[in-house]
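With mmCIF, C-alpha atoms inside, this is my_file.cif:
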data_data
loop_
_atom_site.label_atom_id
_atom_site.label_comp_id
_atom_site.auth_asym_id
_atom_site.auth_seq_id
_atom_site.Cartn_x
_atom_site.Cartn_y
_atom_site.Cartn_z
CA MET A 1 -68.89 -27.03 48.21
CA ARG A 2 -67.79 -30.06 46.21
CA GLU A 3 -66.20 -29.28 42.88
CA MET A 4 -68.89 -29.84 40.24
CA ALA A 5 -66.95 -28.72 37.18
CA GLY A 6 -68.09 -25.14 37.60
CA LEU A 7 -71.81 -25.57 38.23
CA ASP A 8 -73.21 -22.92 40.56
CA GLU A 9 -75.51 -22.79 43.55
CA GLY A 10 -78.42 -20.64 42.48
CA THR A 11 -79.91 -22.47 39.51
CA PRO A 12 -81.27 -26.01 39.22
CA LEU A 13 -78.46 -28.32 38.12
CA PHE A 14 -80.46 -29.87 35.28
CA ALA A 15 -80.93 -26.40 33.77
CA GLN A 16 -77.20 -25.73 34.06
CA VAL A 17 -76.36 -29.03 32.36
CA ALA A 18 -78.76 -28.17 29.52
CA GLU A 19 -77.26 -24.70 29.24
CA ARG A 20 -73.69 -26.03 29.10
CA LEU A 21 -74.56 -28.51 26.36
CA ALA A 22 -76.42 -25.83 24.42
CA ALA A 23 -73.43 -23.50 24.68
CA GLU A 24 -71.13 -26.24 23.45
CA ILE A 25 -73.38 -26.83 20.44
CA ALA A 26 -73.64 -23.10 19.71
CA ASP A 27 -69.86 -22.68 19.91
CA GLY A 28 -69.31 -25.64 17.61
CA GLY A 29 -67.60 -27.79 20.27
CA LEU A 30 -70.29 -30.38 19.65
CA ALA A 31 -70.94 -30.57 15.92
CA GLU A 32 -74.30 -31.40 14.38
CA GLY A 33 -74.62 -35.15 14.02
CA GLU A 34 -72.11 -35.75 16.80
CA ARG A 35 -73.03 -37.94 19.80
CA VAL A 36 -73.54 -35.98 23.02
CA PRO A 37 -72.17 -37.43 26.27
CA SER A 38 -74.42 -40.02 27.91
CA THR A 39 -76.31 -39.40 31.15
CA ASN A 40 -73.74 -41.38 33.08
CA GLU A 41 -70.79 -39.60 31.47
CA LEU A 42 -72.30 -36.24 32.34
CA ALA A 43 -73.13 -37.39 35.89
CA ALA A 44 -69.54 -38.52 36.43
CA PHE A 45 -68.05 -35.35 34.90
CA TYR A 46 -70.22 -32.90 36.82
CA ARG A 47 -70.42 -35.19 39.89
CA ILE A 48 -74.20 -35.01 39.98
CA ASN A 49 -77.06 -37.47 40.24
CA PRO A 50 -77.64 -39.26 36.90
CA ALA A 51 -81.37 -38.42 37.05
CA THR A 52 -80.42 -34.73 37.15
CA ALA A 53 -78.13 -35.13 34.14
CA ALA A 54 -80.87 -37.02 32.26
CA LYS A 55 -83.30 -34.20 32.94
CA GLY A 56 -80.84 -31.72 31.43
CA ILE A 57 -80.40 -33.79 28.27
CA ASN A 58 -84.16 -34.27 27.95
CA ILE A 59 -84.78 -30.54 27.94
CA LEU A 60 -82.68 -30.22 24.78
CA ALA A 61 -84.26 -33.32 23.26
CA ASP A 62 -87.75 -31.90 23.92
CA GLU A 63 -86.73 -28.69 22.17
CA GLY A 64 -85.68 -30.74 19.14
CA LEU A 65 -82.02 -29.82 19.55
CA LEU A 66 -81.02 -33.44 20.11
CA ASP A 67 -82.12 -36.60 18.31
CA LYS A 68 -82.50 -39.84 20.16
CA ARG A 69 -81.17 -42.86 18.32
CA ARG A 70 -82.55 -45.88 20.04
CA GLY A 71 -79.91 -47.98 21.73
CA ILE A 72 -77.05 -45.70 20.73
CA GLY A 73 -77.64 -42.37 22.46
CA MET A 74 -78.38 -38.73 21.80
CA PHE A 75 -77.01 -36.80 18.83
CA VAL A 76 -76.90 -33.12 17.98
CA ALA A 77 -79.82 -32.48 15.60
CA ALA A 78 -79.36 -30.81 12.24
CA GLY A 79 -80.02 -27.08 12.41
CA SER A 80 -79.63 -26.83 16.17
CA ARG A 81 -76.55 -24.64 16.01
CA ALA A 82 -78.44 -22.00 14.00
CA THR A 83 -81.40 -22.22 16.39
CA LEU A 84 -79.19 -21.73 19.43
CA LEU A 85 -77.25 -18.85 17.90
CA ALA A 86 -80.51 -17.11 16.97
CA ARG A 87 -81.73 -17.58 20.52
CA ARG A 88 -78.51 -16.18 21.93
CA ARG A 89 -78.76 -13.16 19.66
CA ALA A 90 -82.31 -12.53 20.82
CA GLU A 91 -81.14 -12.62 24.43
CA PHE A 92 -78.15 -10.38 23.83
CA THR A 93 -79.95 -7.14 24.62
CA LYS A 94 -81.50 -8.47 27.80
CA ARG A 95 -78.44 -10.26 29.08
CA TYR A 96 -75.71 -7.77 28.21
CA VAL A 97 -77.03 -4.41 27.05
CA GLU A 98 -79.69 -3.86 29.73
CA PRO A 99 -77.41 -4.55 32.73
CA LEU A 100 -74.72 -2.43 31.11
CA LEU A 101 -77.12 0.51 30.75
CA THR A 102 -78.30 0.07 34.35
CA GLU A 103 -74.77 0.23 35.69
CA ALA A 104 -73.87 3.12 33.35
CA THR A 105 -76.85 5.11 34.63
CA ARG A 106 -75.83 4.50 38.23
CA LEU A 107 -72.34 5.77 37.47
CA GLY A 108 -73.61 8.75 35.47
CA ILE A 109 -72.06 7.58 32.18
CA ASP A 110 -74.16 8.98 29.34
CA THR A 111 -74.83 7.38 25.95
CA ASP A 112 -72.18 9.37 24.05
CA GLU A 113 -69.55 8.49 26.60
CA LEU A 114 -70.65 4.86 26.45
CA ILE A 115 -70.33 4.74 22.67
CA ALA A 116 -66.90 6.37 22.90
CA LEU A 117 -65.89 3.72 25.46
CA PHE A 118 -67.08 0.95 23.15
CA LYS A 119 -65.09 2.30 20.23
CA GLU A 120 -61.98 2.78 22.30
CA ARG A 121 -62.06 -0.74 23.77
CA SER A 122 -62.96 -2.27 20.46
CA ASN A 123 -59.98 -0.60 18.74
CA GLU A 124 -57.66 -1.72 21.53
CA ARG A 125 -58.84 -5.30 21.04
CA GLY A 126 -58.10 -5.02 17.37
CA GLY A 127 -61.60 -4.39 16.19
CA VAL A 128 -64.98 -5.89 16.70
CA ALA A 129 -67.13 -3.78 14.38
CA VAL A 130 -69.06 -1.11 16.30
CA MET B 1 -95.46 -50.09 41.34
CA THR B 2 -94.98 -50.44 45.10
CA PRO B 3 -92.49 -47.82 46.29
CA ALA B 4 -89.15 -49.10 47.59
CA ILE B 5 -89.90 -47.67 51.02
CA SER B 6 -93.22 -46.54 52.40
CA VAL B 7 -93.67 -45.23 55.93
CA THR B 8 -97.03 -44.15 57.33
CA GLY B 9 -97.80 -42.70 60.74
CA LEU B 10 -94.55 -44.05 62.13
CA THR B 11 -94.00 -43.19 65.79
CA ARG B 12 -91.16 -44.46 67.96
CA ARG B 13 -91.31 -43.68 71.68
CA TYR B 14 -88.55 -44.18 74.20
CA PRO B 15 -89.29 -43.91 77.92
CA ASP B 16 -87.97 -40.35 78.05
CA GLN B 17 -88.62 -39.06 74.54
CA VAL B 18 -90.43 -39.42 71.23
CA ALA B 19 -87.76 -40.21 68.63
CA LEU B 20 -90.15 -40.31 65.65
CA ASP B 21 -93.49 -38.60 65.69
CA ASP B 22 -96.05 -39.56 63.02
CA VAL B 23 -93.59 -39.83 60.15
CA HIS B 24 -94.92 -40.25 56.61
CA LEU B 25 -92.44 -40.94 53.87
CA THR B 26 -92.36 -42.54 50.43
CA ILE B 27 -89.07 -43.34 48.71
CA GLY B 28 -89.19 -44.35 45.05
CA HIS B 29 -87.09 -47.08 43.45
CA GLN B 30 -83.64 -46.15 42.17
CA THR B 31 -83.31 -42.73 43.72
CA ILE B 32 -80.69 -41.20 45.99
CA THR B 33 -82.22 -39.37 48.94
CA GLY B 34 -80.41 -37.16 51.44
CA LEU B 35 -81.64 -37.45 55.00
CA PHE B 36 -80.83 -34.37 57.06
CA GLY B 37 -81.52 -33.06 60.53
CA ARG B 38 -79.84 -32.08 63.73
CA ASN B 39 -78.30 -34.62 66.09
CA GLY B 40 -81.11 -36.40 67.90
CA ALA B 41 -83.67 -35.45 65.24
CA GLY B 42 -84.51 -39.12 64.61
CA LYS B 43 -82.46 -39.97 61.50
CA THR B 44 -80.70 -42.98 62.99
CA THR B 45 -83.88 -44.32 64.57
CA LEU B 46 -85.63 -44.10 61.21
CA LEU B 47 -82.82 -45.91 59.38
CA ARG B 48 -82.61 -48.61 62.07
CA ILE B 49 -86.36 -49.22 61.81
CA LEU B 50 -86.12 -49.42 58.01
CA ALA B 51 -83.34 -51.99 58.45
CA GLY B 52 -85.45 -54.02 60.86
CA GLN B 53 -83.07 -53.37 63.74
CA GLU B 54 -85.64 -51.54 65.80
CA PHE B 55 -89.42 -51.66 66.05
CA PRO B 56 -92.06 -48.98 65.55
CA SER B 57 -94.17 -48.04 68.59
CA SER B 58 -97.00 -47.46 66.13
CA GLY B 59 -97.53 -46.90 62.43
CA SER B 60 -96.42 -48.93 59.47
CA VAL B 61 -93.11 -49.43 57.67
CA ARG B 62 -92.90 -51.24 54.35
CA VAL B 63 -89.81 -52.06 52.35
CA PHE B 64 -90.71 -53.59 48.98
CA GLY B 65 -94.25 -53.79 50.35
CA SER B 66 -93.40 -55.84 53.46
CA PRO B 67 -92.44 -55.01 57.04
CA PRO B 68 -88.64 -55.35 57.30
CA ALA B 69 -88.41 -56.62 60.89
CA GLU B 70 -87.34 -60.28 61.07
CA ASN B 71 -88.13 -60.64 57.38
CA GLN B 72 -85.24 -62.29 55.53
CA ASN B 73 -86.85 -61.63 52.16
CA VAL B 74 -86.46 -57.92 52.81
CA LEU B 75 -83.29 -57.89 54.88
CA ARG B 76 -81.07 -59.67 52.36
CA ARG B 77 -82.00 -56.97 49.82
CA LEU B 78 -81.01 -54.20 52.21
CA VAL B 79 -77.78 -52.95 53.75
CA LEU B 80 -77.32 -50.41 56.54
CA VAL B 81 -73.91 -48.85 57.10
CA ARG B 82 -73.67 -47.05 60.41
CA GLU B 83 -71.27 -44.53 61.80
CA ASP B 84 -68.75 -46.40 63.95
CA GLN B 85 -70.02 -49.79 62.93
CA ALA B 86 -68.79 -52.46 65.37
CA TYR B 87 -67.19 -55.63 63.99
CA PRO B 88 -66.31 -58.92 65.70
CA ASP B 89 -62.62 -59.69 66.28
CA PHE B 90 -61.99 -60.13 62.57
CA LYS B 91 -59.53 -59.37 59.86
CA VAL B 92 -60.62 -57.17 56.92
CA ARG B 93 -60.68 -60.25 54.68
CA HIS B 94 -63.09 -62.04 57.07
CA ALA B 95 -65.46 -59.10 57.26
CA LEU B 96 -65.61 -58.92 53.46
CA ARG B 97 -66.14 -62.66 53.13
CA ALA B 98 -68.89 -62.62 55.77
CA ALA B 99 -70.58 -59.78 53.89
CA SER B 100 -70.31 -61.69 50.61
CA PHE B 101 -72.45 -64.47 52.15
CA CYS B 102 -75.10 -62.00 53.36
CA TYR B 103 -75.73 -60.10 50.13
CA PRO B 104 -76.82 -61.90 46.95
CA ASN B 105 -75.61 -59.09 44.66
CA TRP B 106 -72.18 -58.84 46.33
CA ASP B 107 -69.38 -57.92 43.92
CA THR B 108 -65.98 -59.23 45.01
CA GLY B 109 -64.06 -57.20 42.44
CA LEU B 110 -65.67 -53.95 43.56
CA ALA B 111 -65.03 -54.83 47.20
CA SER B 112 -61.32 -55.42 46.54
CA SER B 113 -60.89 -52.23 44.58
CA LEU B 114 -62.72 -50.13 47.20
CA ALA B 115 -60.74 -51.77 50.01
CA GLU B 116 -57.54 -50.89 48.20
CA ASP B 117 -58.69 -47.29 47.65
CA PHE B 118 -59.39 -46.94 51.37
CA GLY B 119 -56.04 -48.47 52.28
CA LEU B 120 -57.49 -51.64 53.80
CA ARG B 121 -55.08 -54.56 53.64
CA PRO B 122 -56.99 -57.89 53.68
CA GLY B 123 -54.82 -59.35 56.44
CA LYS B 124 -55.17 -56.38 58.76
CA ALA B 125 -57.08 -56.86 62.03
CA ILE B 126 -60.15 -54.63 62.16
CA LYS B 127 -59.43 -53.51 65.71
CA GLY B 128 -56.08 -52.22 64.46
CA LEU B 129 -57.70 -49.98 61.83
CA SER B 130 -57.94 -46.22 62.25
CA ARG B 131 -61.37 -44.66 62.62
CA GLY B 132 -61.28 -43.49 59.02
CA GLN B 133 -60.25 -46.93 57.76
CA ARG B 134 -63.13 -48.49 59.70
CA SER B 135 -65.46 -46.04 57.95
CA GLY B 136 -63.82 -47.07 54.68
CA LEU B 137 -64.61 -50.69 55.45
CA GLY B 138 -68.26 -49.81 56.12
CA ILE B 139 -68.46 -47.93 52.83
CA THR B 140 -66.77 -50.81 50.98
CA ILE B 141 -69.34 -53.26 52.32
CA GLY B 142 -72.23 -50.84 51.73
CA LEU B 143 -71.32 -50.30 48.07
CA ALA B 144 -70.09 -53.81 47.19
CA ALA B 145 -73.30 -55.30 48.63
CA ARG B 146 -75.18 -53.63 45.74
CA ALA B 147 -78.28 -54.07 47.89
CA GLU B 148 -81.51 -52.80 46.35
CA VAL B 149 -81.97 -50.61 49.41
CA THR B 150 -78.70 -49.09 50.61
CA LEU B 151 -78.79 -47.05 53.82
CA PHE B 152 -75.80 -44.97 54.91
CA ASP B 153 -75.99 -43.37 58.33
CA GLU B 154 -73.20 -40.79 58.62
CA PRO B 155 -70.83 -43.34 57.12
CA TYR B 156 -67.65 -41.31 57.22
CA ALA B 157 -66.42 -40.67 60.74
CA GLY B 158 -62.72 -39.94 60.57
CA LEU B 159 -62.58 -39.78 56.76
CA ASP B 160 -60.70 -36.83 55.33
CA ALA B 161 -62.01 -34.69 52.46
CA VAL B 162 -60.13 -36.71 49.84
CA ALA B 163 -61.57 -40.01 51.05
CA ARG B 164 -65.08 -38.52 51.23
CA GLN B 165 -64.77 -37.27 47.67
CA MET B 166 -63.75 -40.79 46.70
CA PHE B 167 -66.84 -42.16 48.44
CA TYR B 168 -69.15 -39.78 46.55
CA ASP B 169 -67.48 -40.52 43.22
CA ARG B 170 -67.53 -44.29 43.72
CA LEU B 171 -71.15 -44.16 44.89
CA LEU B 172 -72.20 -42.20 41.79
CA ALA B 173 -70.19 -44.42 39.43
CA ASP B 174 -71.56 -47.67 40.82
CA TYR B 175 -75.07 -46.24 41.12
CA ALA B 176 -74.94 -45.29 37.44
CA ASP B 177 -74.14 -48.88 36.46
CA PHE B 178 -76.27 -50.57 39.12
CA PRO B 179 -79.10 -48.23 40.13
CA ARG B 180 -80.55 -48.85 43.59
CA THR B 181 -82.45 -47.00 46.29
CA VAL B 182 -80.00 -45.06 48.44
CA LEU B 183 -80.65 -43.13 51.64
CA LEU B 184 -77.69 -41.16 52.95
CA SER B 185 -77.86 -39.35 56.24
CA THR B 186 -75.20 -36.67 56.59
CA HIS B 187 -74.32 -33.36 58.19
CA LEU B 188 -71.93 -32.51 55.35
CA ILE B 189 -74.80 -31.37 53.19
CA ASP B 190 -73.16 -29.00 50.74
CA GLU B 191 -70.35 -31.29 49.70
CA ALA B 192 -72.83 -34.11 49.00
CA ALA B 193 -75.68 -31.93 47.68
CA ALA B 194 -75.38 -32.78 43.99
CA LEU B 195 -75.73 -36.52 44.67
CA PHE B 196 -79.31 -36.23 45.78
CA GLU B 197 -82.45 -36.49 43.72
CA ASN B 198 -84.62 -35.93 46.81
CA VAL B 199 -84.03 -34.46 50.23
CA VAL B 200 -85.81 -35.16 53.50
CA VAL B 201 -85.31 -33.03 56.59
CA ILE B 202 -86.32 -34.35 60.00
CA ASP B 203 -86.69 -32.11 63.00
CA ARG B 204 -87.62 -33.38 66.46
CA GLY B 205 -88.97 -36.63 65.05
CA ARG B 206 -91.06 -35.05 62.31
CA VAL B 207 -90.53 -34.70 58.60
CA VAL B 208 -90.41 -30.94 57.99
CA LEU B 209 -89.25 -31.03 54.38
CA ASP B 210 -89.57 -33.69 51.66
CA THR B 211 -88.84 -32.40 48.20
CA ALA B 212 -86.84 -32.73 44.97
CA ALA B 213 -83.30 -31.49 45.61
CA ASP B 214 -82.88 -29.67 42.32
CA GLY B 215 -86.12 -27.76 42.85
CA LEU B 216 -84.62 -26.13 45.94
CA ARG B 217 -81.79 -24.53 44.02
CA GLY B 218 -82.42 -20.84 43.68
CA MET B 219 -85.64 -21.13 45.72
CA VAL B 220 -84.31 -19.16 48.68
CA THR B 221 -82.19 -16.05 48.29
CA THR B 222 -80.50 -13.60 50.59
CA VAL B 223 -81.26 -10.05 49.48
CA SER B 224 -78.92 -7.43 50.92
CA GLY B 225 -78.36 -3.73 50.45
CA PRO B 226 -79.97 -0.45 51.55
CA VAL B 227 -82.89 -1.04 53.96
CA LEU B 228 -85.56 0.71 51.91
CA ALA B 229 -84.59 -1.02 48.69
CA VAL B 230 -84.41 -4.45 50.39
CA ASP B 231 -87.85 -4.02 51.94
CA SER B 232 -89.41 -2.80 48.72
CA PHE B 233 -87.86 -5.70 46.78
CA THR B 234 -88.98 -8.40 49.21
CA GLN B 235 -92.45 -7.00 49.81
CA GLY B 236 -95.20 -9.59 49.35
CA ARG B 237 -92.73 -12.52 49.39
CA PRO B 238 -92.38 -15.10 52.16
CA VAL B 239 -89.48 -13.99 54.35
CA TRP B 240 -87.58 -16.31 56.71
CA GLU B 241 -85.34 -13.78 58.36
CA ARG B 242 -84.73 -10.07 58.34
CA ARG B 243 -81.69 -8.41 59.84
CA ALA B 244 -80.77 -4.77 59.71
CA LEU B 245 -77.73 -2.79 60.75
CA GLY B 246 -77.87 0.96 60.32
CA SER B 247 -78.91 1.69 56.75
CA GLN B 248 -78.17 -1.85 55.51
CA ALA B 249 -80.50 -4.84 55.63
CA SER B 250 -80.30 -8.50 54.77
CA VAL B 251 -83.44 -10.53 54.15
CA VAL B 252 -83.78 -14.24 53.46
CA MET B 253 -86.56 -14.48 50.89
CA VAL B 254 -88.37 -17.51 49.45
CA GLY B 255 -89.33 -17.82 45.78
CA GLN B 256 -87.77 -18.04 42.35
CA VAL B 257 -85.84 -14.99 41.19
CA SER B 258 -86.77 -14.09 37.62
CA GLY B 259 -84.66 -12.23 35.09
CA GLU B 260 -86.77 -9.13 35.71
CA ASP B 261 -86.19 -9.49 39.46
CA ARG B 262 -82.48 -9.65 38.82
CA GLU B 263 -82.57 -6.55 36.67
CA ARG B 264 -84.61 -4.72 39.30
CA ALA B 265 -82.21 -5.78 42.07
CA ARG B 266 -79.34 -4.46 40.00
CA SER B 267 -81.01 -1.10 39.51
CA LEU B 268 -81.78 -0.90 43.24
CA GLY B 269 -78.17 -1.73 44.07
CA LEU B 270 -79.10 -4.99 45.78
CA ASP B 271 -77.02 -8.10 46.14
CA LEU B 272 -78.73 -11.47 45.54
CA THR B 273 -77.07 -14.57 46.96
CA PRO B 274 -78.76 -17.96 46.64
CA LEU B 275 -78.88 -20.04 49.82
CA SER B 276 -76.95 -23.30 49.67
CA LEU B 277 -78.77 -26.53 50.48
CA GLN B 278 -77.00 -26.66 53.83
CA GLN B 279 -78.07 -23.14 54.80
CA LEU B 280 -81.58 -24.00 53.68
CA VAL B 281 -81.65 -27.09 55.87
CA VAL B 282 -80.50 -25.02 58.84
CA TYR B 283 -83.54 -22.78 58.44
CA ALA B 284 -85.88 -25.72 57.78
CA SER B 285 -84.63 -27.46 60.94
CA GLY B 286 -85.48 -24.35 62.90
CA GLY B 287 -89.23 -24.77 62.46
CA SER B 288 -91.82 -26.41 60.29
CA ALA B 289 -93.41 -23.06 59.42
CA VAL B 290 -90.31 -22.18 57.45
CA ALA B 291 -90.28 -25.43 55.50
CA GLY B 292 -94.00 -25.02 54.77
CA SER B 293 -93.24 -22.20 52.34
CA LEU B 294 -91.10 -24.45 50.13
CA PRO B 295 -92.37 -26.56 47.23
CA GLU B 296 -93.66 -30.05 48.04
CA ARG B 297 -92.41 -33.05 46.16
CA THR B 298 -94.82 -33.68 43.34
CA SER B 299 -94.04 -37.31 42.64
CA ALA B 300 -92.60 -40.01 44.84
#
Can the structure from this file be put into structure tokens for me?
Amino acid sequence: MREMAGLDEGTPLFAQVAERLAAEIADGGLAEGERVPSTNELAAFYRINPATAAKGINILADEGLLDKRRGIGMFVAAGSRATLLARRRAEFTKRYVEPLLTEATRLGIDTDELIALFKERSNERGGVAV
Amino acid sequence: MTPAISVTGLTRRYPDQVALDDVHLTIGHQTITGLFGRNGAGKTTLLRILAGQEFPSSGSVRVFGSPPAENQNVLRRLVLVREDQAYPDFKVRHALRAASFCYPNWDTGLASSLAEDFGLRPGKAIKGLSRGQRSGLGITIGLAARAEVTLFDEPYAGLDAVARQMFYDRLLADYADFPRTVLLSTHLIDEAAALFENVVVIDRGRVVLDTAADGLRGMVTTVSGPVLAVDSFTQGRPVWERRALGSQASVVMVGQVSGEDRERARSLGLDLTPLSLQQLVVYASGGSAVAGSLPERTSA
């Protein structure tokens, strides 16, 4: 497999490009009002077809997360960080808690033990509030 | 708009075999298409016919709406780079100059920089080049021609992984600035996979798969784990292959895997591994029935 800056095999590349950009916006790496990389810049970075990169950008534009400024490029829309963080929060249960519970059940770890584990790890890491 | 390439009912017979058998194909402008298939499947014959170097036995071939054979209006807008391209008794410099006369969009600067990247000294005799350097020369000409239709037929005999990577990167970079219609036939499918907008698989002279490349990602998955769980998970889905050993089974299953599917697989203790494009092509080349269960290309 050619190195594609960490893109994986199982998901359409355009969706992965969109996801990466969204994550960068949510994490503040791309600030609101900032220009996002062009189709060609993304294609060169990820080593993918420019049409694929364009499709990824367009997903975010269609969702209103990016603004198109004619002749200049795409920019992170105002309010998109909050939108993306809210979305990520909504997915938190499904993406992290559910699989965790599935695996815990398979290993016979009950809820009390799980909560104890959380507290222990959290204290060791210097405290995410549990 | 007329498609860049349009092939209908194309058949090419040789005395002892049918190289192409009723091929239908439409290639849109400014796309990069991967052309895959086993040796002898008909890829080279198809590319040679598109380049006007060979004639159809029956059917029609149109490039920019016209038959390419003996048609200078089409042929000067088209370049075909072949594996082990033969050159006259030339120096590198002569080959590049000859090419510059053939192709109206030729870019001398790009040719020089590619030649340098591939280690081709202008004064070097072509017959003294290594196999890989000769491939490098073919690629240099194919890219610097900036032809509206650019056909690469296994262009990298003897090129190492570093040089191939350079080819892919230079192709993408120049394509981004000067979009054109590219067909690339290759066996090294996975390393080139992300270049392609569309993929076409030919098997025994027939097109068995013609679809958008990105749509294939995640479309076919290997499900492995305990036999009963695997069979219950894959029930009602198209299955390409099922293998079992003792209490373990591995099934190649077609269809998107949803978040719920993933969760269910996890609870059943199943492993889901997406098939790479290359693995997928191997199955598709094994029979048209297999490829029939994949999505068709919706737009040309």
Neighbours of chain B in chain A at 12 Å, counting all atoms listed in the file, as a count of residues only:
50
With the file shown as input, list the residues that the PyMOL selection byres ((chain A and resi 61) around 12) selects, as a PyMOL selection string.
chain A and resi 18+21-22+36+54-60+62-69+73-77+80
Can you turn the PyMOL selection byres ((chain B and resi 147-156) around 7) into a concrete residue list for this file, as a list in words?
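After applying the PyMOL selection byres ((chain B and resi 147-156) around 7), what remains is Thr44, Leu47, Arg77, Leu78, Val79, Leu80, Val81, Arg82, Glu83, Tyr103, Asn105, Gly132, Ser135, Ile139, Gly142, Ala145, Arg146, Ala157, Gly158, Leu159, Arg180, Thr181, Val182, Leu183, Leu184, Ser185 and Thr186 of chain B.
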Interatomic distance (Å, one decimal) between atom CA of B:Ile202 and atom CA of B:Ala284
8.9 Å
Pick out the residues sitting within 7 Å of stretch 90-100 of chain B, and hand them over as a PyMOL selection string; count all atoms listed in the file, and ignore anything fewer than 2 positions along from it in its own chain.
chain B and resi 88+102-103+106+121-126+141
Measure the distance from atom CA of B:Gly109 to atom CA of B:Arg48 in Å and round it to one decimal.
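These atoms are spaced 28.3 Å apart.
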Starting from the displayed file, determine the output of the PyMOL selection byres ((chain B and resi 239) around 10) and express the residue list as a list of chain:residue names.
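Here the PyMOL selection byres ((chain B and resi 239) around 10) matches B:Val220, B:Thr221, B:Thr222, B:Thr234, B:Gln235, B:Gly236, B:Arg237, B:Pro238, B:Trp240, B:Glu241, B:Arg242, B:Val251, B:Val252, B:Met253, B:Val254, B:Gly255, B:Val290, B:Ser293.
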Do you have the atom CA of B:Asp160-atom CA of B:Val201 distance handy?
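We find that atom CA of B:Asp160 and atom CA of B:Val201 lie 24.9 Å from each other.
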Could you give me, as JSON, numbers by chain, the residues that have an atom at most 12 Å away from the point (-88.7, -34.8, 61.0) in the coordinates of the file, using only C-alpha atoms?
{"B": [10, 11, 18, 19, 20, 21, 22, 23, 24, 25, 35, 36, 37, 38, 39, 40, 41, 42, 43, 44, 45, 46, 199, 200, 201, 202, 203, 204, 205, 206, 207, 208, 209, 210, 281, 284, 285, 286, 287, 288, 291]}
Grab all the atoms of stretch 57-72 of chain A that the file lists, wrap them in a box along x, y and z, add 4 Å per side, and give me centre plus edge lengths in Å (one decimal) as JSON.
{"center_x": -82.4, "center_y": -38.3, "center_z": 23.3, "size_x": 18.7, "size_y": 27.3, "size_z": 18.0}
What's around stretch 72-74 of chain B at 10 Å? Count all atoms listed in the file, leave out sequence neighbours fewer than 2 positions away in its own chain, and write the answer as a list of chain:residue names.
B:Leu50, B:Ala51, B:Gly52, B:Arg62, B:Val63, B:Phe64, B:Gly65, B:Ser66, B:Pro67, B:Pro68, B:Ala69, B:Glu70, B:Arg76, B:Arg77, B:Leu78, B:Glu148, B:Val149
Coordinates of stretch 24-50 of chain A, C-alpha atoms, as a PDB file, in the first residue's frame:
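Generated file (decode-v7.pdb):
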ATOM      1  CA  GLU A  24      -8.920  19.614  12.434  1.00  0.00           C
ATOM      2  CA  ILE A  25     -11.657  22.235  12.687  1.00  0.00           C
ATOM      3  CA  ALA A  26     -13.065  20.683  15.867  1.00  0.00           C
ATOM      4  CA  ASP A  27      -9.609  20.566  17.473  1.00  0.00           C
ATOM      5  CA  GLY A  28      -8.952  24.177  16.544  1.00  0.00           C
ATOM      6  CA  GLY A  29      -6.093  23.367  14.138  1.00  0.00           C
ATOM      7  CA  LEU A  30      -8.088  25.142  11.456  1.00  0.00           C
ATOM      8  CA  ALA A  31      -9.641  28.249  12.970  1.00  0.00           C
ATOM      9  CA  GLU A  32     -12.950  29.723  11.885  1.00  0.00           C
ATOM     10  CA  GLY A  33     -12.374  32.137   9.027  1.00  0.00           C
ATOM     11  CA  GLU A  34      -9.142  30.402   8.057  1.00  0.00           C
ATOM     12  CA  ARG A  35      -8.622  29.135   4.487  1.00  0.00           C
ATOM     13  CA  VAL A  36      -8.740  25.342   4.185  1.00  0.00           C
ATOM     14  CA  PRO A  37      -6.223  23.622   1.898  1.00  0.00           C
ATOM     15  CA  SER A  38      -7.204  23.579  -1.775  1.00  0.00           C
ATOM     16  CA  THR A  39      -8.245  20.440  -3.630  1.00  0.00           C
ATOM     17  CA  ASN A  40      -4.826  20.186  -5.220  1.00  0.00           C
ATOM     18  CA  GLU A  41      -2.990  20.719  -1.940  1.00  0.00           C
ATOM     19  CA  LEU A  42      -5.028  17.962  -0.317  1.00  0.00           C
ATOM     20  CA  ALA A  43      -4.545  15.661  -3.320  1.00  0.00           C
ATOM     21  CA  ALA A  44      -0.779  16.139  -3.170  1.00  0.00           C
ATOM     22  CA  PHE A  45      -0.629  15.695   0.619  1.00  0.00           C
ATOM     23  CA  TYR A  46      -2.764  12.557   0.759  1.00  0.00           C
ATOM     24  CA  ARG A  47      -1.533  11.338  -2.664  1.00  0.00           C
ATOM     25  CA  ILE A  48      -5.059  10.878  -3.947  1.00  0.00           C
ATOM     26  CA  ASN A  49      -7.007  11.848  -7.046  1.00  0.00           C
ATOM     27  CA  PRO A  50      -7.971  15.562  -6.940  1.00  0.00           C
TER      28      PRO A  50
END
